[in-house]
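Written out below as structure tokens is the structure these notes cover.
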Amino acid sequence: MLDRLDHALRSRPERPAVLTASRTGAPRVRARCGELADLADAYAAALHARGLRAGDTVGVAVRPGPRALAVLLALWRLGLRGAVLDPGAGPDVLRARLALARPSLVLADAAAQAVAGWARPLARRARLALPDLAGLGGPVATVGPRLPGCAPALDRGAPRPGAGAGAAGAADADADAVIVFTSGTTSQPRAVVHTRASLAAGMETVSALFTEAGESAGAGGLGGPGGLGGGGEDRPVLGGTFFVLVPALTRGAPVALPARSPRVLARQLHRLEPADTYLTPPQLRDALAAGARFHGRVWTGSAPAGAELLGRVREAGAARAWGVYALTELFPAAAVEAREKAAYEGPGDLVGAPLPGVAAKTDEDGQLLLSGPAARHRYLGEEPDPWVRTGDRARLDGTGRIVLEGRTKDMVLRRAENIYPGLYEPSLHVPGVELAVLVGVPAGAAAEAAGDERLVAVVQPRRGVAEPQLRAALADPLRRMGSARPDAVVFADVPLAGRSRKPDRAATAVLAATRLGAGR
């Protein structure tokens, strides 16, 4: 698909490719197709001129957007392996990851290098705390504007070889394409390795999912020469991940990067009327709170999305709302539409049937295992394994759909009973609940010595919903939890963590223990 994307960018260079939004939500063209193709050419020529060849590793610390996409295209063309470096991971974690990946070169934008004295305020605002990349033993080159204290810029003026020169050509499909770091510690970081074949298969699955879901009717709100109106392929897509950018641009749809401010995002959705919108559950909740109206199809993933949230998205105008179950190791794995999810009445979280090509089974401990063409090849430094161990407890229902029962590591032990929060949390998302999680907190010295915990439901009300109203609404779901009924219910905002802003269970447990200890 990346090869087809390169062709699509060159075939209509004048078309908008990547959009951003003004404070009023009005779209701004950040890059056109021809500009993206030219930038990818320049990066590929510069990397080739530096002596990088197929199989070499390049660290990438570039924020999502046109430059990051151009870097990806350049790496793909040359057969280089990209190691994605998260600027928000912190200096110790980043140093350990660099030591494991051992890149020949690190490409970083100015924000990722904000370590000099002049840039410390910028780094704090961007929540960055990075080590001096240049001091970690490998060369660093700046992509994008170079500010004082940054490494030398990648030479965009390097001679460009003739067509095909220096390219990977018919690269081995089994060759490594990208390294993405996930869990692990500073002493033992863990990295997912995708090959060119698995990366391409994941993008093809996303493209097929968008297509099979059916095209939404109507045209976009922008027209005119070089504009966005006038047909299905012209309607923009809203989303910021590579798995959204690449398939959308390949089929000719411009991609709008979501505004960070919920209010601006709401205005952006109104102005664009995108055919497809991909936002994380926290982004959806924030947009809904800001009064956003949706259009076409809405997709969400990277954190749990309950039937109540998907239903609210449909009530806010979406023709369809989909929850996508995906992992870094296999993206995407399953999908479920709002109405199907709402119709499910059993325990656990229905995430849908495995997508075409994805095989699913459970092991003897009930952990979900997945396999398929889009599955990662291996973890860096480990032997290949065709089955991805998800860390999720699950079962397959009578029609083969995946029903999650919670993360194995989130298990709460109470009175010798193993309780998996994910099995019961969906039932707590009644109307008026923004977010609800179950956590274990210490149950006193004697019980704690025996490994026993109290089970606490932490419930975040929607704005304007009174606590007595929620207590009444939760009475029946709590009663139906049987032996897994919580020992206490705490009403508070659920802490979030990480780029995808998933519920931070450790912080939530501390919050619950503090509230209960204070008698609140």
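Residue numbers start at 1 in each chain; chains themselves are named A, B, ... in the order of the structure tokens; ligands are numbered from 1 in the order shown.
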
Gly372 (chain A) environment, 9 Å, only C-alpha atoms, sequence neighbours closer than 6 positions dropped, as a list in words
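With the cut-off at 9 Å, the set is Ser198, Leu330, Ala333, Pro356, Gly357, Val358, Ala359, Ala360, Pro386 and Trp387 of chain A.
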
Expected file contents, prior selection, N, CA and C atoms, as a PDB file, in the first residue's frame:
```pdb
ATOM      1  N   SER A 198       3.786  -7.708   7.214  1.00  0.00           N
ATOM      2  CA  SER A 198       2.768  -7.538   8.255  1.00  0.00           C
ATOM      3  C   SER A 198       2.274  -6.096   8.326  1.00  0.00           C
ATOM      4  N   LEU A 330      -0.912  -6.461  16.509  1.00  0.00           N
ATOM      5  CA  LEU A 330      -1.804  -6.850  15.418  1.00  0.00           C
ATOM      6  C   LEU A 330      -2.895  -5.786  15.295  1.00  0.00           C
ATOM      7  N   ALA A 333      -7.693  -6.110  14.792  1.00  0.00           N
ATOM      8  CA  ALA A 333      -8.002  -7.524  15.003  1.00  0.00           C
ATOM      9  C   ALA A 333      -9.493  -7.820  14.895  1.00  0.00           C
ATOM     10  N   PRO A 356     -11.239 -10.487   8.663  1.00  0.00           N
ATOM     11  CA  PRO A 356     -10.737 -11.491   7.717  1.00  0.00           C
ATOM     12  C   PRO A 356      -9.228 -11.691   7.836  1.00  0.00           C
ATOM     13  N   GLY A 357      -8.835 -12.939   7.916  1.00  0.00           N
ATOM     14  CA  GLY A 357      -7.419 -13.282   8.035  1.00  0.00           C
ATOM     15  C   GLY A 357      -6.933 -13.412   9.462  1.00  0.00           C
ATOM     16  N   VAL A 358      -7.733 -12.977  10.438  1.00  0.00           N
ATOM     17  CA  VAL A 358      -7.324 -13.040  11.840  1.00  0.00           C
ATOM     18  C   VAL A 358      -7.873 -14.315  12.475  1.00  0.00           C
ATOM     19  N   ALA A 359      -7.001 -15.094  13.073  1.00  0.00           N
ATOM     20  CA  ALA A 359      -7.401 -16.301  13.799  1.00  0.00           C
ATOM     21  C   ALA A 359      -7.364 -16.010  15.285  1.00  0.00           C
ATOM     22  N   ALA A 360      -8.347 -16.522  16.017  1.00  0.00           N
ATOM     23  CA  ALA A 360      -8.432 -16.271  17.455  1.00  0.00           C
ATOM     24  C   ALA A 360      -8.681 -17.570  18.205  1.00  0.00           C
ATOM     25  N   PRO A 386       4.103 -17.242  15.887  1.00  0.00           N
ATOM     26  CA  PRO A 386       2.941 -16.861  15.072  1.00  0.00           C
ATOM     27  C   PRO A 386       1.753 -16.379  15.890  1.00  0.00           C
ATOM     28  N   TRP A 387       1.704 -16.708  17.178  1.00  0.00           N
ATOM     29  CA  TRP A 387       0.559 -16.332  18.005  1.00  0.00           C
ATOM     30  C   TRP A 387       0.908 -15.166  18.918  1.00  0.00           C
TER      31      TRP A 387
END
```

Just the strand (DSSP E or B) stuff from region 153-393 of chain A, please, per backbone DSSP, written as a VMD selection string.
chain A and resid 153 176 to 184 189 to 195 237 to 238 255 to 256 276 to 278 297 to 300 320 to 327 330 to 337 349 to 354 359 to 362 367 to 371 375 378 to 379 388 to 393

From the list A:Pro64, A:Val441, A:Ser483, A:Tyr43, which residue is nearest Thr514 (chain A) when using only C-alpha atoms?
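That would be A:Val441, the residue with the smallest distance to Thr514 (chain A).
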
Near-region 486-491 of chain A list (9 Å; only C-alpha atoms; drop same-chain fewer than 5 positions) as a VMD selection string:
chain A and resid 438 454 to 461 467 471 478 481 512 515 to 516 520

Once you have the residues from the selection above, write them out as a compact mmCIF listing (two decimals), in the first residue's frame, restricted to all heavy atoms.
```
# COMPACT_ATOMS: atom_id res chain seq x y z
N LEU A 438 -13.07 -0.78 37.72
CA LEU A 438 -13.00 -1.53 38.97
C LEU A 438 -11.53 -1.74 39.32
O LEU A 438 -10.74 -2.19 38.48
CB LEU A 438 -13.70 -2.88 38.83
CG LEU A 438 -15.22 -2.86 38.64
CD1 LEU A 438 -15.71 -4.23 38.19
CD2 LEU A 438 -15.90 -2.46 39.95
N ARG A 454 -9.88 -5.13 48.60
CA ARG A 454 -11.25 -4.64 48.48
C ARG A 454 -11.47 -4.27 47.01
O ARG A 454 -10.59 -3.71 46.36
CB ARG A 454 -11.48 -3.41 49.35
CG ARG A 454 -11.36 -3.65 50.83
CD ARG A 454 -11.62 -2.35 51.60
NE ARG A 454 -13.03 -1.94 51.52
CZ ARG A 454 -13.47 -0.74 51.90
NH1 ARG A 454 -12.62 0.17 52.35
NH2 ARG A 454 -14.75 -0.46 51.82
N LEU A 455 -12.64 -4.56 46.52
CA LEU A 455 -12.99 -4.21 45.14
C LEU A 455 -13.78 -2.90 45.17
O LEU A 455 -14.81 -2.79 45.85
CB LEU A 455 -13.83 -5.31 44.51
CG LEU A 455 -14.22 -5.10 43.04
CD1 LEU A 455 -12.98 -5.11 42.14
CD2 LEU A 455 -15.21 -6.18 42.59
N VAL A 456 -13.29 -1.90 44.43
CA VAL A 456 -13.90 -0.58 44.43
C VAL A 456 -14.25 -0.18 43.00
O VAL A 456 -13.44 -0.33 42.09
CB VAL A 456 -12.95 0.47 45.05
CG1 VAL A 456 -13.62 1.85 45.06
CG2 VAL A 456 -12.55 0.06 46.45
N ALA A 457 -15.47 0.30 42.82
CA ALA A 457 -15.88 0.87 41.54
C ALA A 457 -15.65 2.38 41.61
O ALA A 457 -16.19 3.06 42.47
CB ALA A 457 -17.35 0.57 41.27
N VAL A 458 -14.82 2.89 40.69
CA VAL A 458 -14.60 4.33 40.58
C VAL A 458 -15.39 4.81 39.37
O VAL A 458 -15.12 4.39 38.25
CB VAL A 458 -13.11 4.67 40.46
CG1 VAL A 458 -12.92 6.19 40.34
CG2 VAL A 458 -12.35 4.13 41.66
N VAL A 459 -16.36 5.66 39.62
CA VAL A 459 -17.31 6.08 38.59
C VAL A 459 -17.17 7.58 38.34
O VAL A 459 -17.25 8.38 39.28
CB VAL A 459 -18.75 5.75 39.01
CG1 VAL A 459 -19.75 6.23 37.95
CG2 VAL A 459 -18.91 4.25 39.24
N GLN A 460 -16.94 7.92 37.09
CA GLN A 460 -16.84 9.33 36.70
C GLN A 460 -18.17 9.78 36.08
O GLN A 460 -18.54 9.31 35.00
CB GLN A 460 -15.71 9.53 35.70
CG GLN A 460 -15.57 10.98 35.20
CD GLN A 460 -14.39 11.15 34.28
OE1 GLN A 460 -13.35 10.48 34.42
NE2 GLN A 460 -14.52 12.02 33.28
N PRO A 461 -18.91 10.67 36.75
CA PRO A 461 -20.19 11.11 36.19
C PRO A 461 -19.99 12.01 34.97
O PRO A 461 -18.97 12.70 34.85
CB PRO A 461 -20.83 11.90 37.34
CG PRO A 461 -20.02 11.58 38.57
CD PRO A 461 -18.66 11.25 38.07
N GLU A 467 -24.93 12.95 41.68
CA GLU A 467 -24.53 11.68 42.26
C GLU A 467 -25.71 10.81 42.69
O GLU A 467 -25.72 9.61 42.42
CB GLU A 467 -23.58 11.93 43.43
CG GLU A 467 -23.04 10.68 44.07
CD GLU A 467 -22.06 10.99 45.19
OE1 GLU A 467 -21.19 11.86 44.99
OE2 GLU A 467 -22.19 10.35 46.26
N ARG A 471 -26.38 6.92 41.55
CA ARG A 471 -26.50 5.81 42.50
C ARG A 471 -27.76 5.00 42.22
O ARG A 471 -27.75 3.77 42.27
CB ARG A 471 -26.52 6.35 43.93
CG ARG A 471 -25.15 6.82 44.43
CD ARG A 471 -25.15 7.04 45.92
NE ARG A 471 -23.86 7.51 46.39
CZ ARG A 471 -22.81 6.72 46.65
NH1 ARG A 471 -22.93 5.42 46.50
NH2 ARG A 471 -21.67 7.24 47.07
N LEU A 478 -25.23 -3.11 39.79
CA LEU A 478 -24.40 -3.57 40.90
C LEU A 478 -24.98 -4.84 41.51
O LEU A 478 -24.25 -5.78 41.85
CB LEU A 478 -24.29 -2.48 41.96
CG LEU A 478 -23.45 -1.25 41.57
CD1 LEU A 478 -23.59 -0.16 42.61
CD2 LEU A 478 -21.99 -1.63 41.38
N MET A 481 -24.15 -8.03 39.63
CA MET A 481 -22.75 -8.47 39.61
C MET A 481 -22.51 -9.65 40.54
O MET A 481 -21.43 -10.25 40.52
CB MET A 481 -21.83 -7.30 39.95
CG MET A 481 -21.76 -6.24 38.85
SD MET A 481 -20.83 -4.76 39.31
CE MET A 481 -19.17 -5.45 39.47
N ALA A 512 -8.80 5.80 44.91
CA ALA A 512 -9.87 5.13 45.64
C ALA A 512 -9.48 4.90 47.10
O ALA A 512 -10.28 5.12 48.02
CB ALA A 512 -10.23 3.82 44.96
N ARG A 515 -9.61 8.22 48.95
CA ARG A 515 -10.98 8.65 49.23
C ARG A 515 -11.62 7.81 50.34
O ARG A 515 -12.28 8.33 51.24
CB ARG A 515 -11.83 8.56 47.97
CG ARG A 515 -11.47 9.57 46.89
CD ARG A 515 -11.91 10.98 47.29
NE ARG A 515 -11.69 11.92 46.23
CZ ARG A 515 -12.59 12.23 45.29
NH1 ARG A 515 -13.78 11.63 45.30
NH2 ARG A 515 -12.31 13.12 44.37
N LEU A 516 -11.43 6.51 50.28
CA LEU A 516 -12.02 5.64 51.29
C LEU A 516 -11.38 5.85 52.65
O LEU A 516 -12.05 5.80 53.69
CB LEU A 516 -11.90 4.18 50.86
CG LEU A 516 -12.70 3.78 49.61
CD1 LEU A 516 -12.36 2.37 49.19
CD2 LEU A 516 -14.20 3.91 49.88
N ARG A 520 -14.61 9.47 52.40
CA ARG A 520 -15.42 10.18 51.41
C ARG A 520 -16.12 9.21 50.50
O ARG A 520 -15.65 8.13 50.25
CB ARG A 520 -14.52 11.11 50.57
CG ARG A 520 -13.85 12.19 51.42
CD ARG A 520 -12.95 13.06 50.58
NE ARG A 520 -13.71 13.74 49.54
CZ ARG A 520 -13.14 14.48 48.58
NH1 ARG A 520 -11.83 14.62 48.53
NH2 ARG A 520 -13.87 15.09 47.66
```

Hey, what's within 10 Å of Gly252 (chain A) if we count only C-alpha atoms and toss same-chain stuff fewer than 6 positions away? As a list in words, please?
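Skipping anything fewer than 6 positions along the chain leaves Leu5, Ala8, Leu9, Arg12, Arg15, Pro16, Ala17, Cys33, Gly232, Glu233, Asp234, Arg235 and Pro236 of chain A.
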
May I have the residues within 7 Å of Val18 (chain A) as a count of residues only, using only C-alpha atoms and disregarding those fewer than 5 positions away in the same chain?
8

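For Gly157 (chain A), the set of protein, DNA and RNA residues having any atom at most 10 Å away, when counting only C-alpha atoms and skipping those fewer than 2 positions along the same chain, is Ala42, Tyr43, Ala45, Ala46, Leu154, Asp155, Pro159 and Arg160 of chain A.
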
Just to be explicit: take each residue in the selection above, keep N, CA and C atoms, and write the result as a PDB file, in the first residue's frame.
```pdb
ATOM      1  N   ALA A  42      13.264  13.946  -0.976  1.00  0.00           N
ATOM      2  CA  ALA A  42      14.408  14.635  -0.374  1.00  0.00           C
ATOM      3  C   ALA A  42      14.979  13.838   0.795  1.00  0.00           C
ATOM      4  N   TYR A  43      14.096  13.302   1.633  1.00  0.00           N
ATOM      5  CA  TYR A  43      14.569  12.520   2.773  1.00  0.00           C
ATOM      6  C   TYR A  43      15.273  11.248   2.298  1.00  0.00           C
ATOM      7  N   ALA A  45      16.830  10.738  -0.529  1.00  0.00           N
ATOM      8  CA  ALA A  45      18.130  11.090  -1.110  1.00  0.00           C
ATOM      9  C   ALA A  45      19.141  11.402  -0.016  1.00  0.00           C
ATOM     10  N   ALA A  46      18.692  12.115   1.029  1.00  0.00           N
ATOM     11  CA  ALA A  46      19.606  12.480   2.110  1.00  0.00           C
ATOM     12  C   ALA A  46      20.079  11.248   2.876  1.00  0.00           C
ATOM     13  N   LEU A 154      18.933  17.442   8.444  1.00  0.00           N
ATOM     14  CA  LEU A 154      19.080  16.452   7.388  1.00  0.00           C
ATOM     15  C   LEU A 154      19.170  17.199   6.067  1.00  0.00           C
ATOM     16  N   ASP A 155      20.145  16.872   5.266  1.00  0.00           N
ATOM     17  CA  ASP A 155      20.429  17.630   4.047  1.00  0.00           C
ATOM     18  C   ASP A 155      19.382  17.347   2.972  1.00  0.00           C
ATOM     19  N   PRO A 159      21.939  15.232  -3.676  1.00  0.00           N
ATOM     20  CA  PRO A 159      21.589  14.840  -5.058  1.00  0.00           C
ATOM     21  C   PRO A 159      20.594  13.687  -5.062  1.00  0.00           C
ATOM     22  N   ARG A 160      19.615  13.812  -5.928  1.00  0.00           N
ATOM     23  CA  ARG A 160      18.593  12.767  -6.018  1.00  0.00           C
ATOM     24  C   ARG A 160      18.938  11.832  -7.160  1.00  0.00           C
TER      25      ARG A 160
END
```

Compile the contact shell of region 74-85 of chain A as a list in words: residues with an atom at most 7 Å away, counting only C-alpha atoms, same-chain residues fewer than 6 positions apart removed.
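Once the nearby chain positions are removed, what remains is Ala40, Asp41, Tyr43, Ala44, Arg53, Ala54, Gly55, Asp56, Thr57, Val58, Gly59, Val60, Ala61, Ala101, Gly166, Ala167, Ala168, Ala171, Asp176, Ala177, Val178, Ile179 and Val180 of chain A.
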
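Ranking A:Thr328, A:Gln283, A:Gln268, A:Thr142 by their shortest atom-to-atom distance to Leu19 (chain A), with only C-alpha atoms included, puts A:Gln268 first.
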
Just list as a VMD selection string whatever in region 214-378 of chain A DSSP marks as helix (DSSP H, G or I).
chain A and resid 232 to 234 242 to 250 262 to 272 281 to 289 307 to 315 338 to 343

Atom pair CA of Ala473 (chain A) / CA of Val430 (chain A): separation (Å):
6.9 Å

Find, counting only C-alpha atoms, the residue in A:Leu309, A:Val206, A:Val439, A:Ala70 that gets nearest to Pro247 (chain A).
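That would be A:Val206, the residue with the smallest distance to Pro247 (chain A).
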
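For the set A:Phe181, A:Phe210, A:Tyr379, A:Phe243, the residue with the smallest atom-to-atom gap to Ala335 (chain A) is A:Phe210, counting only C-alpha atoms.
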